[in-house]
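The next block is target_12.cif, given as mmCIF, N, CA and C atoms.
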data_work
#
loop_
_atom_site.label_atom_id
_atom_site.label_comp_id
_atom_site.auth_asym_id
_atom_site.auth_seq_id
_atom_site.Cartn_x
_atom_site.Cartn_y
_atom_site.Cartn_z
N MET A 1 -63.97 -42.66 9.24
CA MET A 1 -62.66 -43.20 8.91
C MET A 1 -62.10 -42.53 7.66
N THR A 2 -60.81 -42.54 7.56
CA THR A 2 -60.14 -41.92 6.42
C THR A 2 -58.78 -42.58 6.23
N TYR A 3 -58.10 -42.17 5.21
CA TYR A 3 -56.72 -42.60 5.00
C TYR A 3 -55.80 -41.62 5.71
N VAL A 4 -54.64 -42.12 6.14
CA VAL A 4 -53.69 -41.35 6.93
C VAL A 4 -52.30 -41.53 6.32
N ILE A 5 -51.55 -40.45 6.27
CA ILE A 5 -50.15 -40.51 5.82
C ILE A 5 -49.27 -40.51 7.06
N ALA A 6 -48.41 -41.51 7.17
CA ALA A 6 -47.59 -41.70 8.37
C ALA A 6 -46.14 -41.26 8.14
N GLU A 7 -45.31 -41.54 9.12
CA GLU A 7 -43.93 -41.06 9.18
C GLU A 7 -43.05 -41.36 7.96
N PRO A 8 -43.22 -42.48 7.26
CA PRO A 8 -42.34 -42.72 6.11
C PRO A 8 -42.38 -41.62 5.04
N CYS A 9 -43.41 -40.78 5.05
CA CYS A 9 -43.51 -39.69 4.08
C CYS A 9 -42.64 -38.48 4.44
N VAL A 10 -42.29 -38.36 5.72
CA VAL A 10 -41.56 -37.18 6.18
C VAL A 10 -40.25 -37.04 5.40
N ASP A 11 -40.06 -35.87 4.84
CA ASP A 11 -38.89 -35.50 4.05
C ASP A 11 -38.78 -36.27 2.72
N VAL A 12 -39.84 -36.99 2.33
CA VAL A 12 -39.86 -37.69 1.05
C VAL A 12 -40.81 -36.97 0.09
N LYS A 13 -42.06 -36.83 0.50
CA LYS A 13 -43.09 -36.11 -0.27
C LYS A 13 -43.06 -36.45 -1.76
N ASP A 14 -43.18 -37.72 -2.09
CA ASP A 14 -43.09 -38.19 -3.48
C ASP A 14 -44.17 -37.60 -4.38
N ARG A 15 -45.37 -37.36 -3.89
CA ARG A 15 -46.50 -36.75 -4.60
C ARG A 15 -47.20 -37.66 -5.59
N ALA A 16 -46.84 -38.93 -5.71
CA ALA A 16 -47.59 -39.85 -6.57
C ALA A 16 -49.02 -39.94 -6.08
N CYS A 17 -49.21 -39.88 -4.78
CA CYS A 17 -50.55 -39.94 -4.20
C CYS A 17 -51.37 -38.71 -4.59
N VAL A 18 -50.73 -37.56 -4.63
CA VAL A 18 -51.41 -36.32 -5.01
C VAL A 18 -51.93 -36.43 -6.43
N ASP A 19 -51.11 -36.95 -7.31
CA ASP A 19 -51.51 -37.11 -8.72
C ASP A 19 -52.67 -38.08 -8.87
N GLU A 20 -52.76 -39.05 -7.97
CA GLU A 20 -53.78 -40.10 -8.07
C GLU A 20 -55.10 -39.72 -7.40
N CYS A 21 -55.08 -38.78 -6.49
CA CYS A 21 -56.27 -38.43 -5.70
C CYS A 21 -57.33 -37.74 -6.56
N PRO A 22 -58.53 -38.32 -6.66
CA PRO A 22 -59.57 -37.73 -7.51
C PRO A 22 -60.26 -36.52 -6.89
N VAL A 23 -60.07 -36.29 -5.59
CA VAL A 23 -60.76 -35.17 -4.94
C VAL A 23 -59.80 -34.10 -4.41
N ASP A 24 -58.52 -34.18 -4.74
CA ASP A 24 -57.54 -33.16 -4.38
C ASP A 24 -57.51 -32.89 -2.87
N CYS A 25 -57.49 -33.96 -2.07
CA CYS A 25 -57.53 -33.78 -0.61
C CYS A 25 -56.19 -34.03 0.07
N ILE A 26 -55.11 -34.16 -0.71
CA ILE A 26 -53.78 -34.39 -0.12
C ILE A 26 -52.99 -33.09 -0.21
N TYR A 27 -52.74 -32.52 0.94
CA TYR A 27 -52.10 -31.21 1.06
C TYR A 27 -50.62 -31.39 1.38
N GLU A 28 -49.82 -30.41 0.96
CA GLU A 28 -48.38 -30.50 1.17
C GLU A 28 -47.92 -29.50 2.22
N GLY A 29 -47.30 -30.04 3.28
CA GLY A 29 -46.70 -29.22 4.31
C GLY A 29 -45.22 -29.05 4.02
N ALA A 30 -44.49 -28.49 4.95
CA ALA A 30 -43.06 -28.25 4.77
C ALA A 30 -42.27 -29.55 4.65
N ARG A 31 -42.65 -30.56 5.44
CA ARG A 31 -41.87 -31.80 5.46
C ARG A 31 -42.64 -33.05 5.09
N ALA A 32 -43.96 -32.97 4.98
CA ALA A 32 -44.76 -34.16 4.71
C ALA A 32 -46.05 -33.79 3.98
N LEU A 33 -46.76 -34.81 3.54
CA LEU A 33 -48.07 -34.65 2.93
C LEU A 33 -49.13 -35.07 3.94
N TYR A 34 -50.32 -34.50 3.81
CA TYR A 34 -51.39 -34.74 4.78
C TYR A 34 -52.72 -34.92 4.05
N ILE A 35 -53.50 -35.90 4.47
CA ILE A 35 -54.82 -36.15 3.88
C ILE A 35 -55.87 -35.47 4.74
N HIS A 36 -56.68 -34.62 4.11
CA HIS A 36 -57.74 -33.93 4.85
C HIS A 36 -58.81 -34.94 5.24
N PRO A 37 -59.06 -35.13 6.56
CA PRO A 37 -59.99 -36.17 6.99
C PRO A 37 -61.44 -35.93 6.57
N ASP A 38 -61.82 -34.69 6.33
CA ASP A 38 -63.20 -34.40 5.92
C ASP A 38 -63.38 -34.40 4.41
N GLU A 39 -62.31 -34.18 3.67
CA GLU A 39 -62.39 -34.13 2.21
C GLU A 39 -62.13 -35.47 1.55
N CYS A 40 -61.44 -36.37 2.25
CA CYS A 40 -61.13 -37.71 1.72
C CYS A 40 -62.42 -38.50 1.55
N VAL A 41 -62.57 -39.14 0.40
CA VAL A 41 -63.76 -39.95 0.11
C VAL A 41 -63.48 -41.45 0.28
N ASP A 42 -62.36 -41.79 0.87
CA ASP A 42 -62.00 -43.18 1.16
C ASP A 42 -61.94 -44.07 -0.08
N CYS A 43 -61.51 -43.53 -1.20
CA CYS A 43 -61.46 -44.33 -2.43
C CYS A 43 -60.26 -45.27 -2.45
N GLY A 44 -59.19 -44.91 -1.72
CA GLY A 44 -58.01 -45.76 -1.63
C GLY A 44 -57.05 -45.66 -2.80
N ALA A 45 -57.28 -44.75 -3.73
CA ALA A 45 -56.41 -44.63 -4.90
C ALA A 45 -54.98 -44.24 -4.52
N CYS A 46 -54.81 -43.53 -3.44
CA CYS A 46 -53.50 -43.04 -3.02
C CYS A 46 -52.61 -44.15 -2.46
N GLU A 47 -53.20 -45.09 -1.78
CA GLU A 47 -52.43 -46.09 -1.03
C GLU A 47 -51.48 -46.92 -1.90
N PRO A 48 -51.92 -47.52 -2.99
CA PRO A 48 -51.01 -48.39 -3.74
C PRO A 48 -49.90 -47.67 -4.50
N VAL A 49 -50.03 -46.37 -4.73
CA VAL A 49 -49.01 -45.65 -5.50
C VAL A 49 -47.92 -45.05 -4.63
N CYS A 50 -48.06 -45.12 -3.31
CA CYS A 50 -47.06 -44.54 -2.42
C CYS A 50 -45.80 -45.41 -2.44
N PRO A 51 -44.67 -44.84 -2.88
CA PRO A 51 -43.45 -45.64 -3.00
C PRO A 51 -42.79 -46.00 -1.67
N VAL A 52 -43.17 -45.31 -0.60
CA VAL A 52 -42.58 -45.61 0.71
C VAL A 52 -43.58 -46.24 1.67
N GLU A 53 -44.75 -46.63 1.16
CA GLU A 53 -45.79 -47.28 1.96
C GLU A 53 -46.11 -46.50 3.23
N ALA A 54 -46.40 -45.21 3.05
CA ALA A 54 -46.72 -44.33 4.17
C ALA A 54 -48.22 -44.14 4.35
N ILE A 55 -49.04 -44.59 3.41
CA ILE A 55 -50.48 -44.34 3.46
C ILE A 55 -51.22 -45.60 3.91
N TYR A 56 -52.07 -45.40 4.91
CA TYR A 56 -52.83 -46.51 5.48
C TYR A 56 -54.27 -46.07 5.71
N TYR A 57 -55.19 -47.03 5.59
CA TYR A 57 -56.54 -46.78 6.07
C TYR A 57 -56.41 -46.64 7.58
N GLU A 58 -57.13 -45.71 8.16
CA GLU A 58 -56.98 -45.39 9.58
C GLU A 58 -56.99 -46.62 10.49
N ASP A 59 -57.87 -47.56 10.25
CA ASP A 59 -57.95 -48.77 11.09
C ASP A 59 -56.75 -49.70 10.90
N ASP A 60 -56.01 -49.55 9.81
CA ASP A 60 -54.87 -50.42 9.50
C ASP A 60 -53.53 -49.79 9.83
N LEU A 61 -53.54 -48.61 10.41
CA LEU A 61 -52.30 -47.90 10.73
C LEU A 61 -51.49 -48.71 11.74
N PRO A 62 -50.21 -49.00 11.44
CA PRO A 62 -49.38 -49.74 12.40
C PRO A 62 -49.30 -48.99 13.75
N ASP A 63 -49.17 -49.74 14.81
CA ASP A 63 -49.16 -49.15 16.16
C ASP A 63 -48.14 -48.04 16.32
N GLN A 64 -46.96 -48.19 15.73
CA GLN A 64 -45.91 -47.18 15.93
C GLN A 64 -46.27 -45.84 15.27
N TRP A 65 -47.28 -45.82 14.41
CA TRP A 65 -47.68 -44.59 13.73
C TRP A 65 -49.11 -44.17 14.04
N LYS A 66 -49.70 -44.71 15.10
CA LYS A 66 -51.09 -44.36 15.46
C LYS A 66 -51.25 -42.85 15.67
N ALA A 67 -50.24 -42.17 16.16
CA ALA A 67 -50.33 -40.72 16.40
C ALA A 67 -50.57 -39.93 15.12
N TYR A 68 -50.28 -40.52 13.98
CA TYR A 68 -50.42 -39.79 12.72
C TYR A 68 -51.88 -39.56 12.31
N THR A 69 -52.82 -40.26 12.91
CA THR A 69 -54.23 -39.92 12.68
C THR A 69 -54.48 -38.51 13.21
N GLN A 70 -54.00 -38.24 14.41
CA GLN A 70 -54.14 -36.90 15.00
C GLN A 70 -53.26 -35.88 14.28
N VAL A 71 -52.06 -36.28 13.89
CA VAL A 71 -51.15 -35.37 13.18
C VAL A 71 -51.80 -34.88 11.89
N ASN A 72 -52.40 -35.79 11.11
CA ASN A 72 -53.06 -35.39 9.87
C ASN A 72 -54.19 -34.41 10.17
N ALA A 73 -54.98 -34.67 11.21
CA ALA A 73 -56.08 -33.76 11.57
C ALA A 73 -55.55 -32.41 12.04
N GLU A 74 -54.48 -32.40 12.84
CA GLU A 74 -53.90 -31.15 13.35
C GLU A 74 -53.43 -30.23 12.24
N PHE A 75 -52.95 -30.79 11.16
CA PHE A 75 -52.48 -29.97 10.04
C PHE A 75 -53.58 -29.02 9.57
N PHE A 76 -54.82 -29.43 9.72
CA PHE A 76 -55.95 -28.64 9.21
C PHE A 76 -56.65 -27.81 10.28
N ASP A 77 -56.15 -27.81 11.52
CA ASP A 77 -56.79 -27.06 12.60
C ASP A 77 -57.01 -25.59 12.24
N ASP A 78 -55.99 -24.91 11.77
CA ASP A 78 -56.11 -23.49 11.42
C ASP A 78 -56.55 -23.29 9.97
N LEU A 79 -56.42 -24.31 9.17
CA LEU A 79 -56.70 -24.21 7.74
C LEU A 79 -58.17 -24.43 7.41
N GLY A 80 -58.83 -25.24 8.21
CA GLY A 80 -60.22 -25.58 7.93
C GLY A 80 -60.31 -26.54 6.76
N SER A 81 -61.34 -26.37 5.95
CA SER A 81 -61.55 -27.23 4.79
C SER A 81 -61.58 -26.38 3.52
N PRO A 82 -60.41 -26.14 2.93
CA PRO A 82 -60.32 -25.26 1.76
C PRO A 82 -60.96 -25.82 0.49
N GLY A 83 -61.27 -27.12 0.47
CA GLY A 83 -61.93 -27.69 -0.69
C GLY A 83 -61.00 -28.02 -1.84
N GLY A 84 -59.75 -28.27 -1.55
CA GLY A 84 -58.82 -28.69 -2.59
C GLY A 84 -57.42 -28.16 -2.34
N ALA A 85 -56.46 -29.06 -2.44
CA ALA A 85 -55.07 -28.71 -2.15
C ALA A 85 -54.41 -27.92 -3.27
N GLY A 86 -54.81 -28.17 -4.50
CA GLY A 86 -54.15 -27.57 -5.65
C GLY A 86 -54.09 -26.06 -5.62
N ARG A 87 -55.11 -25.44 -5.11
CA ARG A 87 -55.15 -23.96 -5.10
C ARG A 87 -54.25 -23.35 -4.04
N LEU A 88 -53.79 -24.15 -3.06
CA LEU A 88 -52.98 -23.62 -1.97
C LEU A 88 -51.48 -23.79 -2.18
N GLY A 89 -51.08 -24.82 -2.88
CA GLY A 89 -49.66 -25.10 -3.05
C GLY A 89 -49.04 -25.60 -1.75
N VAL A 90 -47.74 -25.46 -1.63
CA VAL A 90 -47.02 -25.93 -0.44
C VAL A 90 -47.26 -24.96 0.71
N LEU A 91 -47.63 -25.50 1.85
CA LEU A 91 -47.81 -24.70 3.06
C LEU A 91 -46.58 -24.90 3.93
N ASP A 92 -45.95 -23.83 4.31
CA ASP A 92 -44.67 -23.90 5.02
C ASP A 92 -44.87 -24.14 6.51
N ARG A 93 -45.48 -25.28 6.82
CA ARG A 93 -45.70 -25.63 8.23
C ARG A 93 -46.01 -27.11 8.33
N ASP A 94 -45.86 -27.63 9.53
CA ASP A 94 -46.19 -29.01 9.86
C ASP A 94 -46.67 -29.04 11.30
N PRO A 95 -47.45 -30.05 11.68
CA PRO A 95 -47.81 -30.21 13.09
C PRO A 95 -46.54 -30.43 13.93
N PRO A 96 -46.59 -30.11 15.23
CA PRO A 96 -45.41 -30.19 16.09
C PRO A 96 -44.67 -31.53 16.04
N LEU A 97 -45.37 -32.65 16.02
CA LEU A 97 -44.70 -33.95 16.02
C LEU A 97 -43.80 -34.10 14.79
N VAL A 98 -44.28 -33.70 13.63
CA VAL A 98 -43.49 -33.80 12.39
C VAL A 98 -42.38 -32.76 12.39
N ALA A 99 -42.68 -31.54 12.77
CA ALA A 99 -41.68 -30.46 12.77
C ALA A 99 -40.49 -30.80 13.68
N ALA A 100 -40.74 -31.53 14.77
CA ALA A 100 -39.70 -31.85 15.73
C ALA A 100 -38.84 -33.06 15.34
N LEU A 101 -39.23 -33.80 14.32
CA LEU A 101 -38.46 -34.97 13.93
C LEU A 101 -37.10 -34.57 13.36
N PRO A 102 -36.08 -35.39 13.59
CA PRO A 102 -34.79 -35.12 12.94
C PRO A 102 -34.94 -35.32 11.44
N PRO A 103 -34.04 -34.78 10.65
CA PRO A 103 -34.12 -34.99 9.19
C PRO A 103 -34.17 -36.47 8.86
N MET A 104 -35.02 -36.83 7.92
CA MET A 104 -35.23 -38.23 7.54
C MET A 104 -34.61 -38.50 6.17
N GLY A 105 -34.42 -39.76 5.89
CA GLY A 105 -33.98 -40.17 4.56
C GLY A 105 -32.53 -39.88 4.29
N GLU A 106 -32.20 -39.88 3.01
CA GLU A 106 -30.81 -39.68 2.60
C GLU A 106 -30.46 -38.21 2.58
N GLY A 107 -29.21 -37.95 2.89
CA GLY A 107 -28.68 -36.60 2.77
C GLY A 107 -29.13 -35.74 3.85
#

Whole structure given in structure tokens:
Amino acid sequence: MTYVIAEPCVDVKDRACVDECPVDCIYEGARALYIHPDECVDCGACEPVCPVEAIYYEDDLPDQWKAYTQVNAEFFDDLGSPGGAGRLGVLDRDPPLVAALPPMGEG
């Protein structure tokens, strides 16, 4: 089990969770943030600081966002386990489900 970032993060990418993560396992894609399922230590530090309530423990993910467990994993299919997001910076890609979403939020 791991934590998952769901749809409310798309086009928001607040990064408060990134600052809070003690193991640097939250990576930034073009439109959303993603938690590496193998690097996450399940500490839960990211969840309470998310201003849009997009982070859930996998078992607590609302039904409408269940697909985001797979979306988070797909983000790392070609990337593997780099051992920390900080060294990579923003990656200009997202899994197909996120990439296909219409623009979210304001503006």

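Counting only N, CA and C atoms and comparing A:Ala30, A:Asp78, A:Glu58, A:Glu7, the residue that lies closest to Asp94 (chain A) is A:Ala30.
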
Checklist line | Selected residue of minimal separation from Val49 (chain A) among A:Ile26, A:Ala99, A:Leu33, A:Cys21, counting only C-alpha atoms | finding: A:Cys21

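The two atoms in question, CA of Ala45 (chain A) and atom C of Ala100 (chain A), are spaced 29.2 Å apart.
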
Margin query: Can you tell me which residues surround Cys43 (chain A) at a distance of at most 10 Å, considering only C-alpha atoms, apart from same-chain residues fewer than 6 positions away, and format the answer as a ChimeraX atom specification?
Written below: /A:2-3,21-23

Item checked: Within-12 Å shell of (-48.1, -46.3, 2.0) in input frame, only C-alpha atoms, as a VMD selection string -> chain A and resid 3 to 10 12 to 17 33 44 to 58 60 to 62 65

Residue members of the PyMOL selection byres ((chain A and resi 29) around 6.5) in the file shown, as a PDB file with N, CA and C atoms, in the coordinates of the input:
ATOM      1  N   TYR A  27     -52.740 -32.520   0.940  1.00  0.00           N
ATOM      2  CA  TYR A  27     -52.100 -31.210   1.060  1.00  0.00           C
ATOM      3  C   TYR A  27     -50.620 -31.390   1.380  1.00  0.00           C
ATOM      4  N   GLU A  28     -49.820 -30.410   0.960  1.00  0.00           N
ATOM      5  CA  GLU A  28     -48.380 -30.500   1.170  1.00  0.00           C
ATOM      6  C   GLU A  28     -47.920 -29.500   2.220  1.00  0.00           C
ATOM      7  N   ALA A  30     -44.490 -28.490   4.950  1.00  0.00           N
ATOM      8  CA  ALA A  30     -43.060 -28.250   4.770  1.00  0.00           C
ATOM      9  C   ALA A  30     -42.270 -29.550   4.650  1.00  0.00           C
ATOM     10  N   ARG A  31     -42.650 -30.560   5.440  1.00  0.00           N
ATOM     11  CA  ARG A  31     -41.870 -31.800   5.460  1.00  0.00           C
ATOM     12  C   ARG A  31     -42.640 -33.050   5.090  1.00  0.00           C
ATOM     13  N   ALA A  32     -43.960 -32.970   4.980  1.00  0.00           N
ATOM     14  CA  ALA A  32     -44.760 -34.160   4.710  1.00  0.00           C
ATOM     15  C   ALA A  32     -46.050 -33.790   3.980  1.00  0.00           C
ATOM     16  N   LEU A  33     -46.760 -34.810   3.540  1.00  0.00           N
ATOM     17  CA  LEU A  33     -48.070 -34.650   2.930  1.00  0.00           C
ATOM     18  C   LEU A  33     -49.130 -35.070   3.940  1.00  0.00           C
ATOM     19  N   TYR A  34     -50.320 -34.500   3.810  1.00  0.00           N
ATOM     20  CA  TYR A  34     -51.390 -34.740   4.780  1.00  0.00           C
ATOM     21  C   TYR A  34     -52.720 -34.920   4.050  1.00  0.00           C
ATOM     22  N   VAL A  90     -47.740 -25.460  -1.630  1.00  0.00           N
ATOM     23  CA  VAL A  90     -47.020 -25.930  -0.440  1.00  0.00           C
ATOM     24  C   VAL A  90     -47.260 -24.960   0.710  1.00  0.00           C
ATOM     25  N   LEU A  91     -47.630 -25.500   1.850  1.00  0.00           N
ATOM     26  CA  LEU A  91     -47.810 -24.700   3.060  1.00  0.00           C
ATOM     27  C   LEU A  91     -46.580 -24.900   3.930  1.00  0.00           C
ATOM     28  N   ASP A  92     -45.950 -23.830   4.310  1.00  0.00           N
ATOM     29  CA  ASP A  92     -44.670 -23.900   5.020  1.00  0.00           C
ATOM     30  C   ASP A  92     -44.870 -24.140   6.510  1.00  0.00           C
ATOM     31  N   ARG A  93     -45.480 -25.280   6.820  1.00  0.00           N
ATOM     32  CA  ARG A  93     -45.700 -25.630   8.230  1.00  0.00           C
ATOM     33  C   ARG A  93     -46.010 -27.110   8.330  1.00  0.00           C
ATOM     34  N   ASP A  94     -45.860 -27.630   9.530  1.00  0.00           N
ATOM     35  CA  ASP A  94     -46.190 -29.010   9.860  1.00  0.00           C
ATOM     36  C   ASP A  94     -46.670 -29.040  11.300  1.00  0.00           C
TER      37      ASP A  94
END

Margin query: What's the separation between CA of Gly80 (chain A) and CA of Glu39 (chain A), in Å to one decimal place?
Written below: 10.5 Å

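Distance check against Met1 (chain A) using all atoms listed in the file: of A:Cys25, A:Val41, A:Val18, A:Val71, the minimum falls on A:Val41.
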
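Secondary structure from DSSP on the backbone puts strand (DSSP E or B) at the following positions of chain A: A:Tyr3, A:Val4, A:Ile5, A:Ile26, A:Tyr27, A:Glu28, A:Leu33, A:Tyr34, A:Ile35, A:Ile55, A:Tyr56, A:Tyr57, A:Val90.
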
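Computed from the coordinates, the CA of Leu88 (chain A) to atom N of Asp59 (chain A) distance equals 27.3 Å.
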
Would you fill the gaps in region 44-60 of chain A so it has N, CA, C and O atoms, then print it as a CSV table (one decimal), in the frame of the given file?
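Output contents, as saved in out13.csv:
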chain,number,residue,atom,x,y,z
A,44,GLY,N,-59.2,-44.9,-1.7
A,44,GLY,CA,-58.0,-45.8,-1.6
A,44,GLY,C,-57.0,-45.7,-2.8
A,44,GLY,O,-56.1,-46.4,-2.9
A,45,ALA,N,-57.3,-44.8,-3.7
A,45,ALA,CA,-56.4,-44.6,-4.9
A,45,ALA,C,-55.0,-44.2,-4.5
A,45,ALA,O,-54.0,-44.6,-5.2
A,46,CYS,N,-54.8,-43.5,-3.4
A,46,CYS,CA,-53.5,-43.0,-3.0
A,46,CYS,C,-52.6,-44.2,-2.5
A,46,CYS,O,-51.4,-44.1,-2.6
A,47,GLU,N,-53.2,-45.1,-1.8
A,47,GLU,CA,-52.4,-46.1,-1.0
A,47,GLU,C,-51.5,-46.9,-1.9
A,47,GLU,O,-50.3,-47.0,-1.6
A,48,PRO,N,-51.9,-47.5,-3.0
A,48,PRO,CA,-51.0,-48.4,-3.7
A,48,PRO,C,-49.9,-47.7,-4.5
A,48,PRO,O,-48.9,-48.3,-4.9
A,49,VAL,N,-50.0,-46.4,-4.7
A,49,VAL,CA,-49.0,-45.6,-5.5
A,49,VAL,C,-47.9,-45.0,-4.6
A,49,VAL,O,-46.9,-44.6,-5.1
A,50,CYS,N,-48.1,-45.1,-3.3
A,50,CYS,CA,-47.1,-44.5,-2.4
A,50,CYS,C,-45.8,-45.4,-2.4
A,50,CYS,O,-45.8,-46.6,-2.0
A,51,PRO,N,-44.7,-44.8,-2.9
A,51,PRO,CA,-43.4,-45.6,-3.0
A,51,PRO,C,-42.8,-46.0,-1.7
A,51,PRO,O,-42.0,-46.9,-1.6
A,52,VAL,N,-43.2,-45.3,-0.6
A,52,VAL,CA,-42.6,-45.6,0.7
A,52,VAL,C,-43.6,-46.2,1.7
A,52,VAL,O,-43.3,-46.4,2.9
A,53,GLU,N,-44.8,-46.6,1.2
A,53,GLU,CA,-45.8,-47.3,2.0
A,53,GLU,C,-46.1,-46.5,3.2
A,53,GLU,O,-46.1,-47.0,4.3
A,54,ALA,N,-46.4,-45.2,3.0
A,54,ALA,CA,-46.7,-44.3,4.2
A,54,ALA,C,-48.2,-44.1,4.4
A,54,ALA,O,-48.6,-43.6,5.4
A,55,ILE,N,-49.0,-44.6,3.4
A,55,ILE,CA,-50.5,-44.3,3.5
A,55,ILE,C,-51.2,-45.6,3.9
A,55,ILE,O,-51.0,-46.7,3.3
A,56,TYR,N,-52.1,-45.4,4.9
A,56,TYR,CA,-52.8,-46.5,5.5
A,56,TYR,C,-54.3,-46.1,5.7
A,56,TYR,O,-54.5,-44.9,6.0
A,57,TYR,N,-55.2,-47.0,5.6
A,57,TYR,CA,-56.5,-46.8,6.1
A,57,TYR,C,-56.4,-46.6,7.6
A,57,TYR,O,-55.6,-47.4,8.2
A,58,GLU,N,-57.1,-45.7,8.2
A,58,GLU,CA,-57.0,-45.4,9.6
A,58,GLU,C,-57.0,-46.6,10.5
A,58,GLU,O,-56.2,-46.7,11.4
A,59,ASP,N,-57.9,-47.6,10.2
A,59,ASP,CA,-58.0,-48.8,11.1
A,59,ASP,C,-56.8,-49.7,10.9
A,59,ASP,O,-56.5,-50.6,11.7
A,60,ASP,N,-56.0,-49.6,9.8
A,60,ASP,CA,-54.9,-50.4,9.5
A,60,ASP,C,-53.5,-49.8,9.8
A,60,ASP,O,-52.5,-50.4,9.6
